Amino acid sequence: MPTPVDLLVKDAGLLVVDGGREIPGGWVALAGGRVTSVGAAGEEPEAATVLSASGRLVTPGLVNTHHHIYQNLTRSYAPAVNGTLFDWLTTLYPLWARLDEEAAHISAYVGMAELLMGGCTTSSDHLYVHPRPGLVDAEIRAAQDIGFRFHATRGSMTRSVEDGGLPPRSVTQTTDEVLADSERLIRTHHDPGPGALIRVALAPCSPFSVTKEVMTATAELAERYDVRLHTHLAEDHDEDAYCLETYGCRPVEYFEDCGWMSDRTWVAHCIYPDDAELRRLAAAGVGVAHCPSSNMLIGGGTARVREMRELGLPVGLGCDGSASTDHASLWMETRNALLLGRYRGGPGAMTARDALDIATRGSARCLGRTDELGHLRPGACADLVVWDLHEVALAGALTDPVEAWLRCGPARAWTTVVAGRVLVDRGEPVLPGLADALRTHARVARELQSAA
């Protein structure tokens with residue numbers, strides 16, 4: 001007997017199954033949190049619930065590989081918006097020192113709602129400011145409240161300004177505190193099983209905010225528990241100068257010396273490796289979270305995405321922090337990846353399908369989940385997006401719905417499905433607690449920003 005279908009999404013204008021298969025007029029069947037079958041119009045199975053895509057584009061859910069969700073409490077903060085990366089950080093650290101469990105939970109709840117509206121069905125988050133305990137646990141509770149697929153990364157900073165770093169002492173911890181809480185979070189929350197909604201990775205913030213002892217011990221802990229590693233790397237020229245002065249080598253060499261040159265690792269930004277360093281990263285299987293909007297707003301460089309992909313590096317997308325990018329739309333990041341790729345390399349350097357592949361299969365590679373995320377083949381997690389563009393924006397776009405999706409925006413998620421559950425319907429989050437959450441978020445943000 002055929003597998004009973006919980007949800008059937010049909011009547012797509014185009015169904016993108018993966019980078020190699022597209023089905024005009026296609027449908028996808030979901031059951032038990034998995035894709036059970038896909039096909040062309042006229043072959044649809046019976047289903048308990050049927051959802052019409054009404055001629056719209058249907059894609060796998062987008063996957064966010066780098067974020068700092070708590071920063072949506074300090075979006076577009078006027079004293080910081082025009083500074084360099086280091087100026088921006090030092091301006092905001094004193095505000096972030098007021099983070100508590102309520103702030104972490106409410107920022108995550110609102111941030112995940114925003115991600116869902118932008119077509120994101122899985123997100124990592126890099127929470128590296130820990131002025132109080134329990135902040136990662138609070139984020140995980142928000143993901144569980146919503147039913148969102150979430151990779152929490154336990155960030156850390158141990159090198160304060162008194163120790164030659166950037167952050168104030170109020171947001172740093174000792175090595176023992178970092179390692180003990182990292183192990184606790186893995187043991188408490190990490191689900192290594194297939195289809196997991198919650199996973200944990202370990203993520204010292206950057207070479208200039210933790211000691212070598214933390215970097216090395218974290219890599220050993222990740223190996224012991226078989227979890228992934230994440231950090232910022234080669235993001236800024238000031239980082240090059242800092243590493244040369246402090247460690248006597250460039251950031252990538254230091255990264256390798258700490259035991260991080262591994263296929264369990266993905267890094268954010270990776271803008272300034274030289275050619276030889278890029279080849280070493282590729283040979284090790286290190287992934288890169290490309291954050292195009294953040295790169296442009298901070299005004300620095302941007303990753304050499306085309307060269308990275310040609311070398312075989314896993315390259316995914318990240319929206320980065322909500323106080324640097326000021327939004328959490330993976331659609332916008334995908335569009336900006338398309339634009340930046342073409343700006344750097346010419347019109348043949350990046351297509352809309354390349355950008356979609358980075359946002360789906362590339363991001364899934366970064367998170368170590370190529371088998372079940374980033375595609376809609378049978379057996380994949382039941383995560384998908386039905387996209388909506390206004391008919392005025394689409395007027396005249398007759399030949400290629402994937403190119404039109406990024407070129408003719410703005411696009412929004414009409415329907416977002418995570419693990420077979422509809423979490424955005426007709427463009428609106430299906431979250432009964434959202435109105436209350438927004439009121440709480442506004443209060444917490446005002447309190448946080450009043451610390452200046």
# chains A, B, ... in the order shown; residues from 1 in each chain; ligands from 1

$ residues_around --residues "segment 155-165 of chain A" --least-positions-apart "5" --cutoff "12 Å" --atoms "only C-alpha atoms" --output "PyMOL selection string"
chain A and resi 66-68+86+89-90+93+124-131+135-136+170-182+185+200-215+218+229-232+239+242-243+245-246

$ select_by_dssp --residues "segment 252-330 of chain A" --states "helix (DSSP H, G or I)" --output "PyMOL selection string"
chain A and resi 252-257+275-284+292-298+305-311+330

$ closest_residue --among "A:Leu8, A:Ala303, A:Leu166, A:Cys120" --to "Pro94 of chain A" --atoms "only C-alpha atoms"
A:Leu166

$ residues_around --residues "Ala47 of chain A" --least-positions-apart "6" --cutoff "9 Å" --atoms "only C-alpha atoms" --output "list in words"
Pro4, Val5, Asp6, Leu7, Leu8, Ala29 and Leu30 of chain A

$ residues_around --residues "Asn64 of chain A" --least-positions-apart "6" --cutoff "6 Å" --atoms "only C-alpha atoms" --output "list in words"
Ser123, Leu317 and Gly318 of chain A

$ residues_around --residues "Val38 of chain A" --least-positions-apart "5" --cutoff "12 Å" --atoms "only C-alpha atoms" --output "number ranges by chain"
A: 5, 8-12, 15-18, 21-30, 43-45, 58, 375-380, 382

$ write_last_selection --atoms "C-alpha atoms" --output "short mmCIF file (atom, residue, chain, number, x, y, z; two decimals), in the first residue's frame"
data_model
loop_
_atom_site.label_atom_id
_atom_site.label_comp_id
_atom_site.auth_asym_id
_atom_site.auth_seq_id
_atom_site.Cartn_x
_atom_site.Cartn_y
_atom_site.Cartn_z
CA VAL A 5 0.15 11.46 2.81
CA LEU A 8 0.15 17.50 -0.53
CA VAL A 9 1.48 20.72 -2.09
CA LYS A 10 0.33 20.76 -5.71
CA ASP A 11 -0.21 22.97 -8.75
CA ALA A 12 3.24 24.55 -8.59
CA LEU A 15 8.76 22.69 -8.42
CA VAL A 16 12.51 22.81 -7.79
CA VAL A 17 13.43 19.41 -6.38
CA ASP A 18 17.18 20.03 -6.28
CA ARG A 21 15.62 18.45 -11.31
CA GLU A 22 12.71 20.84 -11.84
CA ILE A 23 9.09 19.82 -12.50
CA PRO A 24 6.73 22.28 -14.22
CA GLY A 25 3.28 21.94 -12.65
CA GLY A 26 4.79 19.66 -10.01
CA TRP A 27 3.65 18.48 -6.62
CA VAL A 28 5.34 17.21 -3.44
CA ALA A 29 3.85 14.84 -0.87
CA LEU A 30 4.80 14.96 2.81
CA GLU A 43 -0.03 11.83 -10.70
CA GLU A 44 -0.92 13.28 -7.28
CA PRO A 45 -1.66 10.88 -4.40
CA VAL A 58 8.09 25.93 -4.91
CA HIS A 375 16.46 19.40 -1.53
CA LEU A 376 13.03 17.81 -1.95
CA ARG A 377 13.97 14.31 -2.99
CA PRO A 378 12.04 11.51 -1.25
CA GLY A 379 13.48 11.04 2.24
CA ALA A 380 14.34 14.72 2.71
CA ALA A 382 9.58 18.07 4.88
#

$ residues_around --residues "Glu277 of chain A" --least-positions-apart "6" --cutoff "12 Å" --atoms "only C-alpha atoms" --output "list of chain:residue names"
A:Leu233, A:Ala234, A:Arg250, A:Pro251, A:Val252, A:Glu253, A:Tyr254, A:Phe255, A:Glu256, A:Met261, A:Cys270, A:Ile271, A:Ala283, A:Ala284, A:Val286, A:Met308, A:Leu311

$ write_last_selection --atoms "all heavy atoms" --output "compact mmCIF listing (two decimals), in the first residue's frame"
# COMPACT_ATOMS: atom_id res chain seq x y z
N LEU A 233 36.10 33.96 10.57
CA LEU A 233 37.49 33.80 10.11
C LEU A 233 37.75 34.71 8.92
O LEU A 233 36.94 34.78 7.99
CB LEU A 233 37.76 32.34 9.70
CG LEU A 233 39.20 32.05 9.26
CD1 LEU A 233 40.17 32.15 10.44
CD2 LEU A 233 39.31 30.68 8.60
N ALA A 234 38.91 35.36 8.95
CA ALA A 234 39.41 36.16 7.83
C ALA A 234 38.36 37.16 7.37
O ALA A 234 38.12 37.34 6.18
CB ALA A 234 39.85 35.25 6.68
N ARG A 250 49.14 34.52 10.16
CA ARG A 250 47.86 34.99 9.64
C ARG A 250 46.71 34.16 10.22
O ARG A 250 46.93 33.07 10.76
CB ARG A 250 47.87 34.90 8.11
CG ARG A 250 48.72 35.99 7.46
CD ARG A 250 48.91 35.74 5.97
NE ARG A 250 47.66 35.54 5.26
CZ ARG A 250 46.83 36.52 4.86
NH1 ARG A 250 47.17 37.79 5.11
NH2 ARG A 250 45.72 36.26 4.20
N PRO A 251 45.47 34.66 10.13
CA PRO A 251 44.35 33.97 10.77
C PRO A 251 44.17 32.52 10.34
O PRO A 251 43.88 31.65 11.18
CB PRO A 251 43.14 34.83 10.36
CG PRO A 251 43.70 36.20 10.19
CD PRO A 251 45.07 35.99 9.62
N VAL A 252 44.30 32.20 9.06
CA VAL A 252 44.07 30.82 8.61
C VAL A 252 45.12 29.88 9.17
O VAL A 252 44.81 28.75 9.57
CB VAL A 252 44.02 30.75 7.07
CG1 VAL A 252 43.97 29.30 6.59
CG2 VAL A 252 42.79 31.51 6.54
N GLU A 253 46.37 30.34 9.25
CA GLU A 253 47.42 29.50 9.84
C GLU A 253 47.14 29.25 11.32
O GLU A 253 47.31 28.12 11.82
CB GLU A 253 48.78 30.16 9.65
CG GLU A 253 49.94 29.33 10.17
CD GLU A 253 51.28 30.01 9.96
OE1 GLU A 253 51.34 31.04 9.26
OE2 GLU A 253 52.29 29.50 10.52
N TYR A 254 46.72 30.28 12.02
CA TYR A 254 46.37 30.13 13.43
C TYR A 254 45.20 29.16 13.60
O TYR A 254 45.21 28.28 14.47
CB TYR A 254 46.03 31.50 14.01
CG TYR A 254 45.51 31.47 15.42
CD1 TYR A 254 46.34 31.13 16.49
CD2 TYR A 254 44.19 31.80 15.71
CE1 TYR A 254 45.87 31.11 17.79
CE2 TYR A 254 43.70 31.79 17.00
CZ TYR A 254 44.54 31.44 18.03
OH TYR A 254 44.07 31.41 19.32
N PHE A 255 44.20 29.33 12.78
CA PHE A 255 43.02 28.46 12.76
C PHE A 255 43.44 27.00 12.61
O PHE A 255 42.97 26.10 13.32
CB PHE A 255 42.15 28.94 11.59
CG PHE A 255 40.96 28.12 11.22
CD1 PHE A 255 39.74 28.31 11.83
CD2 PHE A 255 41.03 27.22 10.16
CE1 PHE A 255 38.62 27.60 11.44
CE2 PHE A 255 39.92 26.51 9.76
CZ PHE A 255 38.71 26.69 10.41
N GLU A 256 44.35 26.74 11.69
CA GLU A 256 44.83 25.37 11.46
C GLU A 256 45.63 24.87 12.65
O GLU A 256 45.49 23.71 13.07
CB GLU A 256 45.66 25.33 10.18
CG GLU A 256 46.11 23.93 9.78
CD GLU A 256 46.74 23.88 8.41
OE1 GLU A 256 47.09 24.96 7.86
OE2 GLU A 256 46.87 22.77 7.86
N MET A 261 41.08 22.89 11.18
CA MET A 261 41.07 22.66 9.73
C MET A 261 40.47 21.28 9.47
O MET A 261 41.15 20.29 9.26
CB MET A 261 42.48 22.76 9.17
CG MET A 261 42.53 22.85 7.66
SD MET A 261 41.90 24.40 7.01
CE MET A 261 43.32 25.47 7.14
N CYS A 270 34.98 34.77 5.74
CA CYS A 270 36.14 34.24 5.02
C CYS A 270 36.45 35.10 3.78
O CYS A 270 36.52 34.61 2.66
CB CYS A 270 35.89 32.78 4.63
SG CYS A 270 37.39 31.81 4.39
N ILE A 271 36.64 36.37 4.02
CA ILE A 271 36.80 37.34 2.94
C ILE A 271 38.24 37.44 2.46
O ILE A 271 38.50 37.62 1.27
CB ILE A 271 36.30 38.72 3.42
CG1 ILE A 271 34.80 38.65 3.74
CG2 ILE A 271 36.57 39.81 2.38
CD1 ILE A 271 34.28 39.88 4.48
N ALA A 283 40.80 21.83 0.67
CA ALA A 283 41.29 20.46 0.82
C ALA A 283 40.80 19.83 2.12
O ALA A 283 40.58 18.61 2.18
CB ALA A 283 42.82 20.45 0.77
N ALA A 284 40.61 20.67 3.15
CA ALA A 284 40.14 20.15 4.44
C ALA A 284 38.63 20.01 4.50
O ALA A 284 38.11 19.41 5.44
CB ALA A 284 40.62 21.07 5.56
N VAL A 286 36.48 22.61 4.78
CA VAL A 286 35.90 23.65 5.62
C VAL A 286 34.82 24.40 4.83
O VAL A 286 35.03 24.78 3.68
CB VAL A 286 36.98 24.64 6.10
CG1 VAL A 286 36.36 25.81 6.86
CG2 VAL A 286 38.01 23.91 6.97
N MET A 308 35.65 29.77 -4.59
CA MET A 308 35.46 28.79 -3.53
C MET A 308 34.70 27.57 -4.04
O MET A 308 35.08 26.43 -3.80
CB MET A 308 34.72 29.42 -2.35
CG MET A 308 35.52 30.41 -1.55
SD MET A 308 34.51 31.19 -0.26
CE MET A 308 35.77 32.13 0.63
N LEU A 311 36.72 25.39 -6.24
CA LEU A 311 37.68 24.57 -5.48
C LEU A 311 37.00 23.46 -4.69
O LEU A 311 37.68 22.59 -4.14
CB LEU A 311 38.47 25.46 -4.52
CG LEU A 311 39.51 26.39 -5.14
CD1 LEU A 311 40.02 27.39 -4.11
CD2 LEU A 311 40.68 25.57 -5.71

$ residues_around --residues "Gly118 of chain A" --least-positions-apart "4" --cutoff "9 Å" --atoms "only C-alpha atoms" --output "ChimeraX atom specification"
/A:62,113-114,328-332,411-413,416

$ write_last_selection --atoms "N, CA, C and O atoms" --output "compact mmCIF listing (two decimals), in the first residue's frame"
# COMPACT_ATOMS: atom_id res chain seq x y z
N LEU A 62 15.03 27.45 2.53
CA LEU A 62 16.36 28.03 2.57
C LEU A 62 16.99 27.79 3.95
O LEU A 62 16.28 27.66 4.96
N ALA A 113 10.47 34.06 13.55
CA ALA A 113 9.29 34.43 12.76
C ALA A 113 9.72 35.17 11.50
O ALA A 113 9.20 34.92 10.40
N GLU A 114 10.67 36.08 11.65
CA GLU A 114 11.17 36.82 10.49
C GLU A 114 11.86 35.91 9.50
O GLU A 114 11.66 36.03 8.28
N ALA A 328 16.45 39.79 8.40
CA ALA A 328 16.73 38.36 8.44
C ALA A 328 15.96 37.66 7.34
O ALA A 328 15.26 36.69 7.56
N SER A 329 16.10 38.18 6.12
CA SER A 329 15.43 37.59 4.96
C SER A 329 16.45 36.80 4.15
O SER A 329 17.36 37.38 3.54
N LEU A 330 16.30 35.49 4.13
CA LEU A 330 17.19 34.68 3.30
C LEU A 330 16.92 34.89 1.82
O LEU A 330 17.80 34.68 0.98
N TRP A 331 15.67 35.31 1.47
CA TRP A 331 15.44 35.66 0.07
C TRP A 331 16.33 36.83 -0.33
O TRP A 331 16.98 36.82 -1.38
N MET A 332 16.40 37.86 0.53
CA MET A 332 17.22 39.01 0.20
C MET A 332 18.70 38.63 0.13
O MET A 332 19.44 39.11 -0.74
N ALA A 411 10.25 39.21 -3.30
CA ALA A 411 9.48 37.99 -3.09
C ALA A 411 9.32 37.75 -1.60
O ALA A 411 10.15 38.18 -0.79
N ARG A 412 8.25 37.07 -1.25
CA ARG A 412 8.03 36.69 0.15
C ARG A 412 7.55 35.24 0.16
O ARG A 412 7.05 34.72 -0.84
N ALA A 413 7.70 34.64 1.29
CA ALA A 413 7.18 33.28 1.45
C ALA A 413 5.67 33.35 1.59
O ALA A 413 5.15 33.97 2.51
N THR A 416 5.35 28.61 4.21
CA THR A 416 6.59 27.99 4.69
C THR A 416 6.22 26.78 5.52
O THR A 416 5.42 26.88 6.46

$ closest_residue --among "A:Ala359, A:Met296, A:Leu14, A:Leu278" --to "Gly55 of chain A" --atoms "only C-alpha atoms"
A:Leu14

$ closest_residue --among "A:Leu339, A:Cys319, A:Leu313, A:Ile146" --to "Leu406 of chain A" --atoms "only C-alpha atoms"
A:Leu339

$ closest_residue --among "A:Gly83, A:Gly195, A:Gly300, A:Gly147" --to "Val422 of chain A" --atoms "only C-alpha atoms"
A:Gly147

$ closest_residue --among "A:Trp96, A:Tyr272, A:Trp414, A:Tyr77" --to "Ala241 of chain A" --atoms "only C-alpha atoms"
A:Tyr272

$ closest_residue --among "A:Arg132, A:Arg407, A:His105, A:Arg264" --to "Ala393 of chain A" --atoms "only C-alpha atoms"
A:Arg407

$ atom_distance --atom1 "atom CA of Thr65 of chain A" --atom2 "atom CA of Val315 of chain A"
9.5 Å
